[in-house]
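Undergrad: Dropping in data.txt, which is compact mmCIF, C-alpha atoms and all ligand atoms:
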# COMPACT_ATOMS: atom_id res chain seq x y z
CA MET P 1 83.35 77.41 97.20
CA LEU P 2 83.49 73.99 98.82
CA THR P 3 86.02 72.24 101.02
CA THR P 4 86.26 68.90 102.78
CA ASP P 5 89.66 69.84 104.24
CA PRO P 6 89.19 73.26 105.88
CA ILE P 7 92.58 73.28 107.64
CA HIS P 8 94.32 73.37 104.26
CA ALA P 9 91.70 75.30 102.28
CA ARG P 10 92.20 78.62 100.50
CA LEU P 11 89.60 81.23 101.27
CA GLN P 12 87.28 82.39 98.51
CA LEU P 13 84.53 84.97 98.98
CA PHE P 14 83.30 85.22 95.39
CA GLY P 15 82.37 82.54 92.88
CA GLU P 16 79.85 81.24 90.39
CA ALA P 17 76.27 80.76 91.54
CA HIS P 18 75.41 77.05 91.38
CA GLU P 19 73.82 74.10 93.19
CA ILE P 20 76.49 73.31 95.77
CA ALA P 21 74.73 70.52 97.67
CA PRO P 22 71.57 68.52 96.87
CA ASP P 23 68.74 71.10 96.75
CA VAL P 24 70.99 73.93 97.98
CA PHE P 25 71.92 76.78 95.65
CA ILE P 26 74.68 79.26 96.49
CA HIS P 27 75.16 82.82 95.22
CA PRO P 28 78.57 83.81 96.60
CA ALA P 29 79.26 87.53 96.17
CA PHE P 30 81.26 88.47 99.29
CA VAL P 31 78.21 87.38 101.27
CA ASN P 32 76.76 83.92 100.61
CA THR P 33 73.08 83.78 99.70
CA PHE P 34 71.61 80.26 99.81
CA ALA P 35 68.35 78.91 98.41
CA LEU P 36 67.03 75.63 99.80
CA ARG P 37 64.51 73.64 97.75
CA THR P 38 61.71 72.27 99.95
CA PRO P 39 58.37 70.59 99.15
CA SER P 40 56.61 73.92 99.90
CA GLY P 41 58.88 76.12 97.81
CA LEU P 42 62.22 77.84 98.25
CA VAL P 43 63.76 79.06 101.49
CA LEU P 44 66.16 81.92 100.81
CA VAL P 45 68.81 82.27 103.51
CA ASP P 46 70.28 85.79 103.59
CA PRO P 47 69.04 87.66 100.50
CA GLY P 48 72.32 89.62 100.61
CA LEU P 49 73.37 93.15 99.68
CA GLY P 50 70.94 95.59 98.10
CA THR P 51 73.38 96.06 95.21
CA GLN P 52 73.27 92.29 94.49
CA ALA P 53 69.48 91.94 94.62
CA ASP P 54 68.98 91.65 90.84
CA SER P 55 71.87 89.23 90.48
CA VAL P 56 70.58 86.98 93.30
CA HIS P 57 67.05 87.02 91.90
CA ALA P 58 68.16 86.21 88.33
CA ALA P 59 70.48 83.39 89.46
CA VAL P 60 67.94 81.77 91.78
CA ARG P 61 65.18 82.01 89.20
CA LYS P 62 67.43 80.42 86.56
CA TRP P 63 67.95 77.51 88.96
CA SER P 64 64.36 77.01 90.09
CA ASP P 65 60.91 78.43 89.36
CA ALA P 66 59.43 77.13 92.62
CA PRO P 67 57.68 79.88 94.60
CA LEU P 68 59.68 81.71 97.24
CA HIS P 69 58.07 80.43 100.44
CA THR P 70 60.39 81.97 103.02
CA ALA P 71 63.24 84.42 103.26
CA VAL P 72 65.40 84.36 106.38
CA TYR P 73 67.70 87.06 107.70
CA THR P 74 70.34 85.31 109.81
CA HIS P 75 70.83 88.85 111.16
CA GLY P 76 69.98 92.36 110.03
CA HIS P 77 73.37 93.45 108.71
CA VAL P 78 73.59 95.38 105.44
CA ASP P 79 75.24 92.52 103.57
CA HIS P 80 72.57 89.97 104.58
CA ALA P 81 69.10 91.50 104.88
CA PHE P 82 68.79 94.00 102.03
CA GLY P 83 68.73 91.89 98.88
CA LEU P 84 65.10 90.80 98.72
CA ARG P 85 63.73 93.69 96.68
CA ALA P 86 63.88 92.02 93.24
CA PHE P 87 61.77 89.07 94.47
CA LEU P 88 59.21 91.42 96.02
CA ASP P 89 59.11 93.63 92.92
CA ALA P 90 58.43 90.48 90.87
CA GLY P 91 55.30 89.98 92.97
CA GLU P 92 56.52 87.26 95.33
CA ARG P 93 55.31 87.44 98.92
CA PRO P 94 57.50 85.18 101.05
CA GLN P 95 57.25 85.23 104.79
CA ILE P 96 60.33 87.01 106.05
CA ILE P 97 61.73 85.34 109.17
CA ALA P 98 64.17 86.94 111.57
CA GLN P 99 65.03 86.82 115.24
CA GLU P 100 62.87 89.45 117.00
CA ASN P 101 65.75 91.85 117.74
CA CYS P 102 66.11 92.45 114.00
CA VAL P 103 63.14 94.83 114.18
CA ALA P 104 64.83 96.91 116.88
CA ARG P 105 68.00 96.85 114.79
CA PHE P 106 66.24 98.34 111.77
CA ARG P 107 64.69 101.01 114.02
CA ARG P 108 68.15 101.84 115.35
CA TYR P 109 69.46 102.04 111.76
CA ARG P 110 66.82 104.70 111.09
CA LEU P 111 67.69 106.57 114.28
CA THR P 112 71.43 106.62 113.56
CA HIS P 113 71.43 106.64 109.78
CA GLY P 114 74.05 109.38 109.29
CA TRP P 115 76.35 107.87 111.88
CA ASN P 116 76.19 104.43 110.27
CA ALA P 117 76.74 105.91 106.82
CA CYS P 118 79.94 107.59 108.07
CA ILE P 119 81.13 104.41 109.81
CA ASN P 120 80.58 102.36 106.67
CA GLN P 121 82.43 104.88 104.54
CA ARG P 122 85.42 104.68 106.89
CA GLN P 123 85.30 100.92 107.48
CA PHE P 124 85.07 99.96 103.81
CA SER P 125 86.85 103.01 102.33
CA LEU P 126 83.77 104.00 100.31
CA PRO P 127 83.75 107.13 98.12
CA GLN P 128 80.96 108.68 100.21
CA PRO P 129 78.82 107.93 103.28
CA MET P 130 76.43 105.10 102.37
CA PHE P 131 73.81 103.17 104.34
CA PRO P 132 70.41 101.76 103.38
CA ASP P 133 67.28 103.61 104.45
CA HIS P 134 64.73 101.21 102.99
CA PHE P 135 63.86 98.06 104.93
CA ASP P 136 62.00 94.91 103.94
CA TRP P 137 60.79 94.27 107.47
CA PRO P 138 60.51 90.76 108.91
CA THR P 139 56.95 89.43 108.80
CA LEU P 140 57.53 86.57 111.26
CA THR P 141 59.87 86.93 114.23
CA PHE P 142 60.79 84.57 117.04
CA HIS P 143 62.49 84.80 120.42
CA SER P 144 64.58 81.65 120.91
CA SER P 145 63.51 79.18 118.21
CA LEU P 146 61.02 78.49 115.46
CA THR P 147 60.28 75.28 113.57
CA GLN P 148 58.79 75.22 110.10
CA ARG P 149 57.30 72.10 108.53
CA LEU P 150 57.59 72.51 104.78
CA GLY P 151 55.89 69.42 103.42
CA ASP P 152 57.79 66.59 105.10
CA LEU P 153 60.89 68.74 105.67
CA GLU P 154 61.55 70.31 109.05
CA VAL P 155 63.54 73.55 109.12
CA GLN P 156 64.60 74.86 112.53
CA HIS P 157 65.61 78.45 113.28
CA HIS P 158 67.61 79.03 116.45
CA ALA P 159 68.49 82.40 118.00
CA ALA P 160 72.18 82.75 118.86
CA LYS P 161 73.71 86.03 119.96
CA GLY P 162 77.21 86.52 118.61
CA GLU P 163 78.13 89.02 115.94
CA THR P 164 74.80 90.66 116.68
CA ASP P 165 71.96 90.44 119.20
CA ASP P 166 69.54 89.41 116.43
CA HIS P 167 71.45 86.43 115.06
CA CYS P 168 70.08 83.00 114.23
CA TYR P 169 71.19 79.83 112.49
CA LEU P 170 69.16 77.25 110.54
CA TRP P 171 69.26 73.51 111.05
CA VAL P 172 67.64 71.01 108.68
CA PRO P 173 67.89 67.70 110.59
CA ALA P 174 66.76 65.36 107.80
CA ARG P 175 69.49 66.67 105.49
CA ARG P 176 72.04 67.47 108.22
CA TYR P 177 72.32 70.98 106.77
CA LEU P 178 73.54 73.81 108.99
CA PHE P 179 73.28 77.43 107.82
CA THR P 180 75.38 79.41 110.28
CA GLY P 181 75.02 82.99 109.05
CA ASP P 182 77.97 85.02 110.33
CA LEU P 183 78.65 82.70 113.25
CA ILE P 184 81.17 81.33 110.72
CA ILE P 185 82.73 83.85 108.30
CA TRP P 186 86.10 82.29 107.39
CA HIS P 187 87.88 84.97 109.38
CA ALA P 188 88.52 85.38 113.08
CA PRO P 189 85.06 86.10 114.56
CA ASN P 190 83.90 89.64 113.88
CA CYS P 191 83.16 90.48 117.50
CA GLY P 192 85.42 93.38 118.31
CA ASN P 193 84.58 95.90 115.60
CA PRO P 194 85.81 99.25 116.99
CA GLN P 195 83.06 101.36 115.41
CA LYS P 196 79.99 99.22 116.01
CA VAL P 197 77.61 98.33 118.81
CA GLN P 198 78.15 95.58 121.37
CA ARG P 199 79.00 92.04 120.25
CA TYR P 200 78.78 88.81 122.28
CA PRO P 201 81.87 86.57 122.23
CA LEU P 202 80.76 84.21 125.02
CA GLU P 203 77.30 83.54 123.57
CA TRP P 204 79.00 83.17 120.20
CA ALA P 205 81.30 80.43 121.55
CA GLU P 206 78.33 78.70 123.20
CA ALA P 207 76.35 78.76 119.94
CA LEU P 208 79.29 77.27 118.05
CA GLU P 209 79.56 74.49 120.63
CA THR P 210 75.82 73.80 120.42
CA MET P 211 76.05 73.65 116.63
CA ALA P 212 79.05 71.31 116.84
CA GLY P 213 76.83 68.94 118.83
CA LEU P 214 74.33 68.71 115.97
CA ASP P 215 76.67 66.52 113.93
CA ALA P 216 75.98 68.41 110.73
CA GLU P 217 77.20 66.99 107.44
CA TRP P 218 77.20 70.35 105.65
CA LEU P 219 78.06 73.81 106.96
CA PHE P 220 76.82 76.75 104.89
CA PRO P 221 78.54 79.89 106.24
CA GLY P 222 77.66 83.59 105.90
CA HIS P 223 80.90 84.20 104.02
CA GLY P 224 83.53 81.90 102.54
CA LEU P 225 83.65 78.21 101.78
CA VAL P 226 80.94 75.64 102.34
CA VAL P 227 82.31 72.80 104.49
CA HIS P 228 81.34 69.19 103.77
CA GLY P 229 81.96 66.21 106.06
CA ARG P 230 81.06 65.68 109.70
CA ASP P 231 84.60 65.84 111.07
CA ALA P 232 85.48 68.87 108.96
CA VAL P 233 82.34 70.73 110.09
CA ARG P 234 82.93 69.85 113.74
CA THR P 235 86.57 70.98 113.53
CA VAL P 236 85.67 74.41 112.14
CA LEU P 237 82.95 74.92 114.76
CA THR P 238 84.90 73.72 117.80
CA GLU P 239 88.12 75.48 116.85
CA THR P 240 86.33 78.77 116.26
CA ALA P 241 84.69 78.39 119.67
CA ARG P 242 88.08 77.58 121.21
CA TYR P 243 89.63 80.67 119.58
CA LEU P 244 87.04 82.80 121.35
CA ARG P 245 87.25 80.90 124.63
CA VAL P 246 91.03 81.44 124.84
CA ILE P 247 90.53 85.21 124.64
CA ILE P 248 87.49 85.22 126.91
CA GLU P 249 89.23 83.16 129.62
CA GLN P 250 92.26 85.49 129.69
CA VAL P 251 90.08 88.59 129.90
CA LEU P 252 87.94 87.15 132.70
CA GLN P 253 90.90 85.94 134.71
CA ARG P 254 92.55 89.35 134.52
CA MET P 255 89.36 91.29 135.18
CA ASN P 256 88.64 89.18 138.25
CA ALA P 257 92.21 89.73 139.44
CA GLY P 258 91.50 93.47 139.41
CA GLN P 259 93.67 94.47 136.47
CA THR P 260 92.81 97.66 134.59
CA PRO P 261 91.44 97.69 131.04
CA GLU P 262 94.76 99.12 129.79
CA GLU P 263 96.71 96.25 131.35
CA ILE P 264 94.27 93.65 130.09
CA PHE P 265 94.23 95.04 126.55
CA HIS P 266 98.02 94.83 126.25
CA ALA P 267 98.36 91.40 127.90
CA VAL P 268 95.74 89.24 126.17
CA GLU P 269 96.72 87.33 123.02
CA PRO P 270 94.89 84.78 120.83
CA ASP P 271 96.01 81.14 120.64
CA PRO P 272 98.93 81.24 118.15
CA GLU P 273 98.17 77.85 116.59
CA LEU P 274 94.46 78.47 116.07
CA ALA P 275 95.26 81.93 114.67
CA LYS P 276 96.98 80.18 111.73
CA ARG P 277 93.84 78.35 110.60
CA PRO P 278 92.55 79.64 107.25
CA TYR P 279 89.10 80.09 108.82
CA LEU P 280 90.55 82.09 111.72
CA PHE P 281 92.92 84.57 110.03
CA ALA P 282 92.51 88.03 111.56
CA ASN P 283 92.02 89.68 108.16
CA TYR P 284 88.70 91.28 109.05
CA ASP P 285 88.41 91.98 112.77
CA HIS P 286 91.37 92.05 115.19
CA PRO P 287 91.69 89.85 118.30
CA LYS P 288 92.67 92.88 120.39
CA PHE P 289 89.33 94.45 119.46
CA ILE P 290 87.59 91.39 120.92
CA VAL P 291 89.37 92.16 124.19
CA ARG P 292 88.06 95.74 124.08
CA ASN P 293 84.58 94.51 123.35
CA LEU P 294 84.59 92.13 126.34
CA LEU P 295 85.82 94.94 128.58
CA ARG P 296 82.96 97.10 127.35
CA LEU P 297 80.47 94.27 127.91
CA TRP P 298 81.53 93.34 131.42
CA GLY P 299 83.08 96.60 132.61
CA GLY P 300 82.61 100.32 132.27
CA TRP P 301 84.24 102.61 129.76
CA TRP P 302 86.99 103.93 132.05
CA ASN P 303 90.41 102.69 130.89
CA GLY P 304 92.22 102.71 134.27
CA ASN P 305 94.04 106.02 133.78
CA ALA P 306 92.61 108.54 136.29
CA ALA P 307 93.61 111.48 134.06
CA GLU P 308 91.36 110.07 131.35
CA LEU P 309 88.31 110.11 133.60
CA LEU P 310 87.50 113.80 133.04
CA PRO P 311 90.37 114.65 130.71
CA ALA P 312 91.75 117.84 129.20
CA THR P 313 90.90 118.17 125.51
CA PRO P 314 93.20 116.20 123.20
CA GLN P 315 94.37 119.51 121.74
CA ALA P 316 95.34 120.89 125.19
CA GLN P 317 97.24 117.68 125.97
CA ALA P 318 99.04 117.79 122.63
CA THR P 319 99.96 121.45 123.06
CA GLU P 320 101.44 120.66 126.47
CA ILE P 321 103.52 117.80 125.04
CA ALA P 322 104.74 120.03 122.20
CA THR P 323 105.69 122.73 124.72
CA LEU P 324 107.63 120.18 126.78
CA ALA P 325 109.40 118.94 123.65
CA GLY P 326 110.40 122.47 122.65
CA GLY P 327 107.82 122.92 119.89
CA VAL P 328 105.89 120.97 117.27
CA ASP P 329 109.02 120.70 115.07
CA ALA P 330 110.72 118.66 117.80
CA VAL P 331 107.71 116.33 118.08
CA VAL P 332 107.70 115.84 114.30
CA GLN P 333 111.43 115.21 114.26
CA ARG P 334 111.12 112.58 116.96
CA GLY P 335 108.18 111.06 115.10
CA ARG P 336 110.32 110.71 111.96
CA GLN P 337 113.09 109.06 113.98
CA VAL P 338 110.72 106.59 115.57
CA LEU P 339 109.07 105.87 112.22
CA ASP P 340 112.46 105.25 110.61
CA GLN P 341 113.24 102.81 113.41
CA GLY P 342 110.05 100.98 112.48
CA ASP P 343 107.95 101.67 115.57
CA THR P 344 104.77 102.74 113.82
CA GLN P 345 102.70 102.49 117.03
CA LEU P 346 104.68 105.14 118.87
CA ALA P 347 105.16 107.18 115.70
CA ALA P 348 101.36 107.37 115.39
CA HIS P 349 101.08 108.90 118.87
CA LEU P 350 103.76 111.48 118.01
CA ALA P 351 102.00 112.31 114.74
CA GLU P 352 98.68 112.78 116.54
CA TRP P 353 100.26 115.04 119.18
CA ALA P 354 102.00 117.12 116.50
CA THR P 355 98.93 117.56 114.28
CA ARG P 356 96.60 118.21 117.21
CA ALA P 357 98.99 120.81 118.68
CA ASP P 358 99.13 122.56 115.28
CA PRO P 359 96.76 121.26 112.59
CA GLN P 360 98.25 123.60 109.95
CA HIS P 361 101.83 122.37 110.47
CA ARG P 362 102.75 120.79 107.11
CA ALA P 363 105.57 118.57 108.37
CA ALA P 364 103.27 117.31 111.12
CA GLN P 365 100.56 116.40 108.60
CA GLU P 366 103.18 114.78 106.35
CA LEU P 367 104.33 112.69 109.30
CA LYS P 368 100.73 111.70 110.02
CA ARG P 369 100.18 110.76 106.37
CA ASP P 370 103.34 108.64 106.24
CA VAL P 371 102.75 106.98 109.61
CA TYR P 372 99.29 105.76 108.65
CA GLU P 373 100.39 104.73 105.20
CA ARG P 374 102.93 102.46 106.93
CA ARG P 375 100.42 101.18 109.49
CA LEU P 376 98.02 100.45 106.66
CA GLY P 377 100.69 98.39 104.91
CA GLU P 378 101.51 96.45 108.07
CA GLU P 379 97.97 95.78 109.23
CA ARG P 380 95.92 92.91 107.86
CA ALA P 381 92.67 93.50 109.77
CA LEU P 382 90.24 95.37 107.51
CA MET P 383 88.62 97.09 110.52
CA ALA P 384 91.96 98.68 111.41
CA GLN P 385 92.90 99.36 107.79
CA GLY P 386 89.74 101.42 107.23
CA ILE P 387 90.53 103.68 110.16
CA TYR P 388 94.20 104.06 109.21
CA ARG P 389 93.29 104.86 105.62
CA ALA P 390 90.80 107.49 106.75
CA ALA P 391 93.43 109.08 109.03
CA MET P 392 95.95 109.10 106.18
CA ASN P 393 93.38 110.72 103.90
CA ASP P 394 92.57 113.34 106.54
CA ALA P 395 96.22 114.37 106.54
CA LYS P 396 96.33 114.39 102.74
CA LYS P 397 93.26 116.62 102.65
CA VAL P 398 94.93 119.20 104.91
CA LEU P 399 98.01 118.99 102.68
CA GLY P 400 95.85 119.55 99.58
CA GLN P 401 96.82 116.16 98.10
ZN ZN O 501 78.16 89.26 107.03
Can the structure in the file be given as structure tokens, please?
TA:
Amino acid sequence: MLTTDPIHARLQLFGEAHEIAPDVFIHPAFVNTFALRTPSGLVLVDPGLGTQADSVHAAVRKWSDAPLHTAVYTHGHVDHAFGLRAFLDAGERPQIIAQENCVARFRRYRLTHGWNACINQRQFSLPQPMFPDHFDWPTLTFHSSLTQRLGDLEVQHHAAKGETDDHCYLWVPARRYLFTGDLIIWHAPNCGNPQKVQRYPLEWAEALETMAGLDAEWLFPGHGLVVHGRDAVRTVLTETARYLRVIIEQVLQRMNAGQTPEEIFHAVEPDPELAKRPYLFANYDHPKFIVRNLLRLWGGWWNGNAAELLPATPQAQATEIATLAGGVDAVVQRGRQVLDQGDTQLAAHLAEWATRADPQHRAAQELKRDVYERRLGEERALMAQGIYRAAMNDAKKVLGQ
């Protein structure tokens, strides 16, 4: 779970819990939970998933019996802020620190619980809708920064919008320890997610650049490998910022030139060299989704096609296309041809038109199933995979499979 050579490292998301740096304990179970030993007790950074709460508690308590002084949520996501229960049930009463927007986030999670449960089922291919409805609320929130003095150790908390609007990172100057939360995840930054609320690529890049200026010796990320060594840490931070900047600059230039969202979406590409870095693989989010997210942030929702402004229903459009083609059979046949030629993008449109024109058409649903099975195989971004898998399963359900 540790690298001094991030450019040649191999990503790991799971590993043994152990002391990974002096006075820093890691529990890596998809999400990294860290415990920092301080003169006043332990600081727990990101308690983790609710399902891992017992495991985190047992591992930390095996390592140290110092009281839990503070728990920090680097942000309020399900994999970071829901693993504190076992400590609380054991009678510990840490102060729970989070950026102030975390409270509004938890309120929104209550308001849109069913929606989030469905999104999570689709995104992570879960057997049923799942989302937490119990919150261990922050007890101490801050707006832009907060400094704790724990004995002679100073721990700084800095707000930094990026993946979320409630994000923060921790900086321990005396030890040169930087806990980034999900500002570093060992994937291309998760700031395009098609099913989630607004993300903040520009602020994210700025936060990475600020962190790079700290000259940290250790980088403890929200997911993936701990990075040790000043040059290695600076490289990961500056290159991740650059990856974002390259996309942001293209989007801005094209927006300001008056291009439409459709044109911008198809034109913008990430830096091909940076995209090969093991900490910037697009295996989770997709760079094209970052483009969409910037368009949403700085523009409206209209895509540039006037017909889409107040459109006919998708079913009416599909029926019209099928009529033009000479029936749903013809659309399916063309879809098969296009799929056989390997153009899964266009084949997906044909499959959607065919199944929307006639949802009970078996060959249309079979085409849809096969198209998304292929797209699933071709696509490495988990965000896209979840949606393709769900579409494939929808077709299978209609087919009784
Ligand atoms: Zn995370």
Undergrad: Of the candidates P:Asn120, P:Thr4, P:Gln401, P:Gln52, which one gets nearest to Leu225 (chain P) if we count all atoms listed in the file?
TA: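 Residue with the minimum atom-to-atom distance to Leu225 (chain P): P:Thr4.
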Undergrad: Can you list every residue of chain P that has an atom at most 6 Å from ligand ZN 501 (chain O), with its nearest atom pair and the distance in Å to one decimal, using all atoms listed in the file, ordered by chain then number, as a Markdown table?
TA:
| residue | atom | partner | partner_atom | distance |
| --- | --- | --- | --- | --- |
| P:Asp79 | CA | O:ZN501 | ZN | 5.6 |
| P:Asp182 | CA | O:ZN501 | ZN | 5.4 |
| P:Gly222 | CA | O:ZN501 | ZN | 5.8 |
Undergrad: Considering only C-alpha atoms, return as number ranges by chain whatever protein or nucleic-acid residues lie within 9 Å of Ala267 (chain P), sequence-local ones (same chain, fewer than 4 positions apart) excluded.
TA: P: 250-251, 262-263
Undergrad: Which one of P:Gly181, P:Gly151, P:Pro173, P:Pro39 sits closest to Thr74 (chain P) if you count only C-alpha atoms?
TA: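 Counting only C-alpha atoms, the residue closest to Thr74 (chain P) is P:Gly181.
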Undergrad: Could you write out as lines of an AutoDock Vina configuration file the box around region 50-62 of chain P (axis-aligned, all atoms listed in the file, 3 Å on each side), with centre and edge lengths in Å to one decimal?
TA:
center_x = 69.3
center_y = 88.2
center_z = 92.3
size_x = 14.2
size_y = 21.6
size_z = 17.5
Undergrad: Could you tell me which of P:Arg296, P:Asp5, P:Leu111, P:Leu350 comes closest to Val338 (chain P) if we count all atoms listed in the file?
TA: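 Ranked by minimum distance to Val338 (chain P), first place goes to P:Leu350.
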Undergrad: Please determine, counting only C-alpha atoms, which residue among P:Gln95, P:Ser125, P:Asn190, P:Thr355 has the shortest atom-to-atom distance to Ile321 (chain P).
TA: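 Of P:Gln95, P:Ser125, P:Asn190, P:Thr355, the one nearest Ile321 (chain P) is P:Thr355, counting only C-alpha atoms.
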Undergrad: Calculate how many Å separate CA of Asn293 (chain P) from CA of Ala312 (chain P), rounding to one decimal.
TA: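 CA of Ala312 (chain P) lies at a distance of 25.1 Å from CA of Asn293 (chain P).
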Undergrad: So which residues touch Phe135 (chain P) within 10 Å, counting all atoms listed in the file, skipping near sequence neighbours fewer than 6 positions away, as JSON, numbers by chain?
TA: {"P": [76, 81, 82, 83, 84, 85, 103, 106, 107, 109, 110]}
